[in-house]
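Working notes, structure below.
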Amino acid sequence: MAFLKEIKTNDQHIHKLAGIVGSARSILYKKEDLLAYDCDGFTIHKHLPRAVVFPKNTEEVAAVVKYCHENDLPFLARGAGTGLSGGAIPLNNEIIISMVKMKRLLRVDLENRRAVVEPGFVNLKLTNSISERGYYYAPDPSSQYCCTIGGNVAENAGGAHCLKYGVTTNHILGLEVVLPNGEIIEIGKDGVADEPGYDLLGLLTGSEGTLGIVTKITVRILKNPEGKQTVLAYFDNVADGSQAVSDIISSGIVPAALEMMDKTAIEGVEAAAFPVGHPKDIEAVLLIEVDGITAGIDEQIEQILTVCRSRNVREVKVARDEAERGRWWANRKTGFGAMGAISPDYLVQDGVIPRSKLPEVLARINQISEESGLRIANIFHAGDGNLHPLVLFDARVPGETEKALEAGSLCLKVCADVGGTITGEHGVGIEKREEMRFVFTEEEIAAQTDVREVFNPKNLLNAGKLFPSPGRCVEIKKEMKASAAL
Amino acid sequence: MSLRELDLKQEPSCSSGSLSNYLAKDHPDETKWADCVHCGMCLESCPTYEITGQEQHSPRGRVHLIKSVAEGRLNVNEFFADPVFACLDCRACTTACPADVDVGGLIEEARGQVRQAMPLTGWQGAVSNMFLKGIFPKQNRLNTLGSMLKFYQKSGVQSVVRKTKLINIMPKHLVEMEAIMPEIKEPVRKRYKNEKVIKAKGESKREVALLTGCIMDVMFSDINEATINVLTRNGNDVVIPQNQTCCGALHVHAGDRDTGRMLAKQNMDAFRDAEKVVVNAAGCGCMMKEYAELFHDDPEMREEAEKFAEKVEDISKHLHDTGYEKPKAELKTRITYHDACHLAHGQNIRQEPRNILLDIPGVEMVHMPNSDRCCGSAGIYNITNPEMAGAVLESKMENVPDDVEMISMGNPGCMLQMAMGVEKYGRSQKIVHTVQLLDWAYQKEDGKGEN
């Protein structure tokens with residue numbers, strides 16, 4: 001281990017960890033390097049990690065975890081760091097275990113329609129690797145160009161096409177997991193969709209990196225749809241647009257995707273790198289995609305056009321070719337990053353509401369915007385009621401960050417109040433911990449942290465995420481439990 | 001400073017006014033990083049992130065560090081310099097970025113800060129000074145260097161050096177470069193010294209000025225010759241202003257922005273009378289279109305530079321926009337096309353060169369996957385960061401189709417690097433500039449061609 005001489009720090013843990021991952025290049029510990037890891041896609045909280053390690057295989061991950069477990073060092077896993085709720089931010093000066101070096105596509109089994117990937121494998125690369133053979137991987141978060149499937153599992157990521165095809169959890173067939181004590185387990189039987197016993201796959205998927213670290217993932221892959229058509233519709237008022245959404249769904253069509261953007265969001269995407277020429281003065285644009293067997297698609301499209309017209313659409317058009325369709329989607333999928341073109345910072349929220357409540361919710365969000373003095377853009381997976389209010393602010397202006405956080409929280413309150421919930425696909429992370437109280441009682445939260453304790457009893461793995469710090473009554477109950485056990 | 005203290009130092013720089021650790025003039029432009037919301041869409045576009053997997057070597061990571069210095073969370077030191085200088089400045093992130101963040105501009109500004117705060121010393125400083133200040137901007141010295149290289153090749157010294165293994169005293173990456181050194185010919189600036197205007201063949205439709213470039217004219221004067229042939233054949237009178245100089249890209253990439261500004265001024269002056277400045281090197285064209293960046297603290301010069309930028313045009317775009325004669329002779333060759341970063345990402349020129357190539361009868365174009373991925377040349381990056389450049393080159397060569405005879409492109413730096421790739425990985429492809437292929441087709445049509 002001659003390379004250990006290159007490690008210039010007095011922190012003995014760093015030397016030990018370097019020894020586990022086997023090279024000086026597989027560990028970062030200098031302040032200048034660590035700063036690049038002080039946040040993920042959620043930039044409001046920044047904390048430096050103690051180190052970042054880059055394991056190459058499951059055994060190295062397990063050895064790092066075991067070392068942290070034995071030495072009581074907080075740690076967490078990180079993929080591409082595109083998460084929007086702060087799940088990969090080292091709140092407790094954690095050792096970050098970066099999974100990006102584990103990025104192989106291990107196996108493609110077309111016959112049984114599944115693929116096995118390492119957690120650092122980028123989402124879109126899976127589809128790119130199998131598309132020529134006529135297959136694809138359905139969950140398509142907007143960050144799919146760069147986010148990793150491991151991160152998708154942690155957050156139970158969604159995406160534009162989840163309306164018809166479901167979110168990540170509906171596409172996971174098996175996981176290899178390193179538990180917080182370093183033990184390696186496998187859940188899900190190779191190729192068997194549903195095992196008897198508790199649905200541990202369902203529990204692990206979306207656990208936001210608090211129950212274990214995924215090191216191998218078996219996913220379902222789908223046959224490319226035979227046909228596909230995409231429609232763009234412009235509305236002069238939001239109520240008409242949202243009514244059109246409801247009408248489309250209630251007519252019995254299940255679109256592959258049904259997206260909406262409001263005026264401020266349109267301003268953002270049009271000012272950014274992938275404009276498509278949306279009119280500046282419209283209030284809402286719908287992006288609707290239908291796919292499946294070719295027979296019947298034209299009919300569905302005709303039905304959608306009729307619905308839009310009956311709801312006073314200003315203009316509605318069908319994509320002429322794949323290139324046009326691609327431009328429309330690039331414009332939509334880069335929508336969050338595009339906000340940089342009209343604002344130095346943004347905070348994205350992730351509420352879910354019953355579709356019918358959309359006009360009401362948008363009006364209330366508008367009111368929040370006016371009261372806070374901050375602009376709020378809305379990008380919306382309208383089909384499944386998943387709303388993304390983007391609060392625009394400037395962190396350099398004293399007090400604005402706090403204002404933005406408060407406005408975001410109020411938006412979630414509105415969603416919860418109309419019978420919805422506080423996250424559809426971005427996760428709770430750091431950002432929405434307190435808002436968990438909008439939808440769960442203290443007891444319900446405590447029941448969930450009890451589950452965490454089964455997997456992660458020392459709470460060294462990604463502590464401080466997903467749940468609010470315990471309220472008074474829960475603490476008392478725990479104390480009571482503890483004293484009863486004595 | 002402890003980690004905890006660092007965590008606390010998060011108040012924005014405007015609240016106290018003087019937190020910034022950029023102490024020299026011409027500091028990185030705050031409005032550039034204000035566009036970045038840290039979304040991460042740039043990650044997969046970045047060759048150095050692909051290789052290292054480390055975020056300080058990713059576009060958003062670098063922007064984050066550059067911003068952190070301005071916020072007083074970091075100092076300009078060697079550890080900051082490392083990620084900032086490991087960037088290839090390939091601009092692929094600019095293409096990927098939803099918010100059009102000018103990462104390349106920020107990197108160049110940050111390099112300026114690093115070089116002002118900690119000038120290169122020792123042999124690195126000496127070599128860098130010799131090339132950047134002593135040779136590239138001085139045409140006569142470049143020509144002398146060219147003559148020396150020509151002597152080295154023609155006199156037999158090259159073959160003696162190679163045969164006696166004397167060459168092994170050089171570092172490995174320089175040996176690899178020596179192996180692919182093109183045959184040195186007479187620079188066109190020297191050849192056409194006494195011709196005020198090189199007249200169009202046939203009817204003259206317009207006059208254009210040609211940037212002959214520093215390295216281009218010494219190492220690849222035949223490409224300059226081909227450029228002149230192609231231009232004059234298509235109705236362009238060509239002038240070669242004799243007081244023009246190196247575009248300054250290598251200097252700006254290396255953080256020597258003062259010399260960059262000096263060269264920019266000289267070129268803007270040299271091409272003052274030109275209506276159009278045609279450039280056949282992507283890196284130079286991109287630099288000249290961005291001169292305004294160098295003068296962001298000087299509104300007057302900035303405006304002049306912006307006007308100048310409008311005159312600058314890559315040869316392929318110029319031919320595409322003004323029209324060119326489609327050659328009639330057949331070349332019968334299978335080729336592939338590599339997008340030079342500073343054409344594709346820097347100037348958004350992708351289709352024009354491909355159209356030119358496809359207009360040549362008998363040219364069959366094979367698609368190169370990831371054709372707009374950097375080859376690792378990146379100015380003098382392959383000399384300063386040989387290891388990373390080698391890794392980038394390796395992944396580039398994996399994408400070069402097996403069954404092609406030539407790889408065409410529009411930048412001399414890429415040509416040298418790709419030639420090195422062909423040599424190193426035992427491939428057989430000939431490396432050509434897009435205008436060379438067009439010129440050969442014309443020559444064949446005229447019964448002069450070798451192909």
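In the structure tokens, chains take the letters A, B, ... in the order shown, each chain's residues start at 1, and ligands count up from 1 in the order shown.
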
Select, as an MDAnalysis selection string, those residues of chain B with any atom no more than 8 Å from chain A (distances computed using only C-alpha atoms).
chainID B and resid 3 7 12:15 34:44 53 55:56 61:62 64:65 74 79:80 97:100

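Of all the residues in segment 155-270 of chain B, the ones DSSP labels as strand (DSSP E) from the backbone are Arg206, Glu207, Val208, Ala209, Leu210, Leu211, Asn236, Asp237, Val238 and Val239 of chain B.
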
Selected residues written out, N, CA and C atoms, as a compact mmCIF listing (two decimals), in the first residue's frame:
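Just written: part_32.txt:
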```
# COMPACT_ATOMS: atom_id res chain seq x y z
N ARG B 206 -16.75 38.69 -53.78
CA ARG B 206 -16.52 39.38 -52.50
C ARG B 206 -15.06 39.24 -52.13
N GLU B 207 -14.68 40.01 -51.10
CA GLU B 207 -13.30 39.88 -50.62
C GLU B 207 -13.34 39.40 -49.18
N VAL B 208 -12.51 38.46 -48.85
CA VAL B 208 -12.43 38.00 -47.47
C VAL B 208 -10.98 38.03 -47.00
N ALA B 209 -10.81 38.24 -45.70
CA ALA B 209 -9.46 38.17 -45.13
C ALA B 209 -9.30 36.79 -44.49
N LEU B 210 -8.09 36.27 -44.52
CA LEU B 210 -7.85 34.94 -43.96
C LEU B 210 -6.94 35.02 -42.75
N LEU B 211 -7.37 34.37 -41.67
CA LEU B 211 -6.47 34.22 -40.52
C LEU B 211 -5.62 32.99 -40.82
N ASN B 236 -14.15 34.18 -54.08
CA ASN B 236 -13.62 35.03 -53.01
C ASN B 236 -12.22 35.54 -53.35
N ASP B 237 -12.07 36.86 -53.33
CA ASP B 237 -10.72 37.42 -53.33
C ASP B 237 -10.21 37.25 -51.91
N VAL B 238 -8.95 36.84 -51.77
CA VAL B 238 -8.44 36.58 -50.43
C VAL B 238 -7.30 37.55 -50.09
N VAL B 239 -7.41 38.22 -48.95
CA VAL B 239 -6.27 39.02 -48.48
C VAL B 239 -5.72 38.38 -47.21
```

Applying 12 Å and only C-alpha atoms, which residues near Met301 of chain B remain after dropping the ones on its own chain fewer than 4 positions away? List them as an MDAnalysis selection string.
chainID B and resid 261:262 264:265 268:269 291:297 305:308

Residues near Met418 of chain B, anyone? I mean within 8 Å using only C-alpha atoms, not counting same-chain ones fewer than 5 positions away, as a PDB file with C-alpha atoms, in the first residue's frame.
```
ATOM      1  CA  CYS B 375     -10.424  14.311 -28.347  1.00  0.00           C
ATOM      2  CA  LEU B 393      -8.172  10.282 -26.417  1.00  0.00           C
ATOM      3  CA  MET B 397     -10.584   6.384 -30.447  1.00  0.00           C
ATOM      4  CA  ILE B 431      -6.439  12.717 -40.675  1.00  0.00           C
TER       5      ILE B 431
END
```

Just list as an mmCIF file with C-alpha atoms, in the first residue's frame whatever in segment 334-393 of chain B DSSP marks as helix (DSSP H, G or I).
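Output contents, as saved in out09.cif:
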```cif
data_model
loop_
_atom_site.group_PDB
_atom_site.id
_atom_site.type_symbol
_atom_site.label_atom_id
_atom_site.label_comp_id
_atom_site.auth_asym_id
_atom_site.auth_seq_id
_atom_site.Cartn_x
_atom_site.Cartn_y
_atom_site.Cartn_z
ATOM 1 C CA CYS B 341 -15.371 21.171 -29.676
ATOM 2 C CA HIS B 342 -14.860 24.790 -30.626
ATOM 3 C CA LEU B 343 -16.874 24.299 -33.816
ATOM 4 C CA ALA B 344 -19.762 22.243 -32.415
ATOM 5 C CA HIS B 345 -20.020 23.505 -28.849
ATOM 6 C CA GLY B 346 -18.199 26.808 -29.287
ATOM 7 C CA GLN B 347 -19.803 28.010 -32.530
ATOM 8 C CA GLN B 351 -24.163 20.392 -40.186
ATOM 9 C CA GLU B 352 -22.281 22.768 -42.495
ATOM 10 C CA PRO B 353 -19.011 20.776 -42.689
ATOM 11 C CA ARG B 354 -20.939 17.519 -43.044
ATOM 12 C CA ASN B 355 -22.926 18.965 -45.945
ATOM 13 C CA ILE B 356 -19.714 19.998 -47.676
ATOM 14 C CA LEU B 357 -18.281 16.512 -47.297
ATOM 15 C CA LEU B 358 -21.502 14.885 -48.504
ATOM 16 C CA TYR B 381 -3.797 20.562 -22.731
ATOM 17 C CA ASN B 382 -2.245 17.416 -24.180
ATOM 18 C CA ILE B 383 1.168 18.846 -23.280
ATOM 19 C CA THR B 384 0.237 20.159 -19.823
ATOM 20 C CA PRO B 386 -0.873 14.334 -20.721
ATOM 21 C CA GLU B 387 -2.458 11.701 -18.514
ATOM 22 C CA MET B 388 -6.010 13.045 -18.656
ATOM 23 C CA ALA B 389 -5.608 13.943 -22.343
ATOM 24 C CA GLY B 390 -4.529 10.353 -22.995
ATOM 25 C CA ALA B 391 -7.591 8.952 -21.234
ATOM 26 C CA VAL B 392 -9.884 11.294 -23.177
ATOM 27 C CA LEU B 393 -8.172 10.282 -26.417
#
```

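Near Gly159 of chain A, within 8 Å and counting only C-alpha atoms, sit Pro139, Asp140, Pro141, Ser142, Cys162, Val167 and Glu425 of chain A, not including residues fewer than 3 positions from it in the same chain.
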
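Here atom CA of Leu387 of chain A and atom CA of Ala363 of chain A stand 13.2 Å from one another.
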
Which residues come within 12 Å of Gly421 of chain B, counting only C-alpha atoms, excluding same-chain residues fewer than 4 positions away, as a PyMOL selection string?
chain B and resi 173+176-177+179-180+375-377+382+389-400+407+414-417+425-431

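Take atom CA of Cys374 of chain B and atom CA of Thr48 of chain B: the distance between them is 10.0 Å.
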
Report as an MDAnalysis selection string all protein, DNA and RNA residues lying within 9 Å of Glu183 of chain B, evaluated on only C-alpha atoms, omitting residues in the same chain fewer than 3 positions from it.
chainID B and resid 149:150 153 219:220

Could you save the residues just selected, with C-alpha atoms, as a short mmCIF file (atom, residue, chain, number, x, y, z; two decimals), in the first residue's frame?
```
data_model
loop_
_atom_site.label_atom_id
_atom_site.label_comp_id
_atom_site.auth_asym_id
_atom_site.auth_seq_id
_atom_site.Cartn_x
_atom_site.Cartn_y
_atom_site.Cartn_z
CA LEU B 149 11.52 21.32 -37.70
CA LYS B 150 11.77 21.13 -41.48
CA GLN B 153 12.76 16.13 -40.85
CA MET B 219 2.57 22.77 -39.14
CA PHE B 220 -0.31 22.73 -41.63
#
```
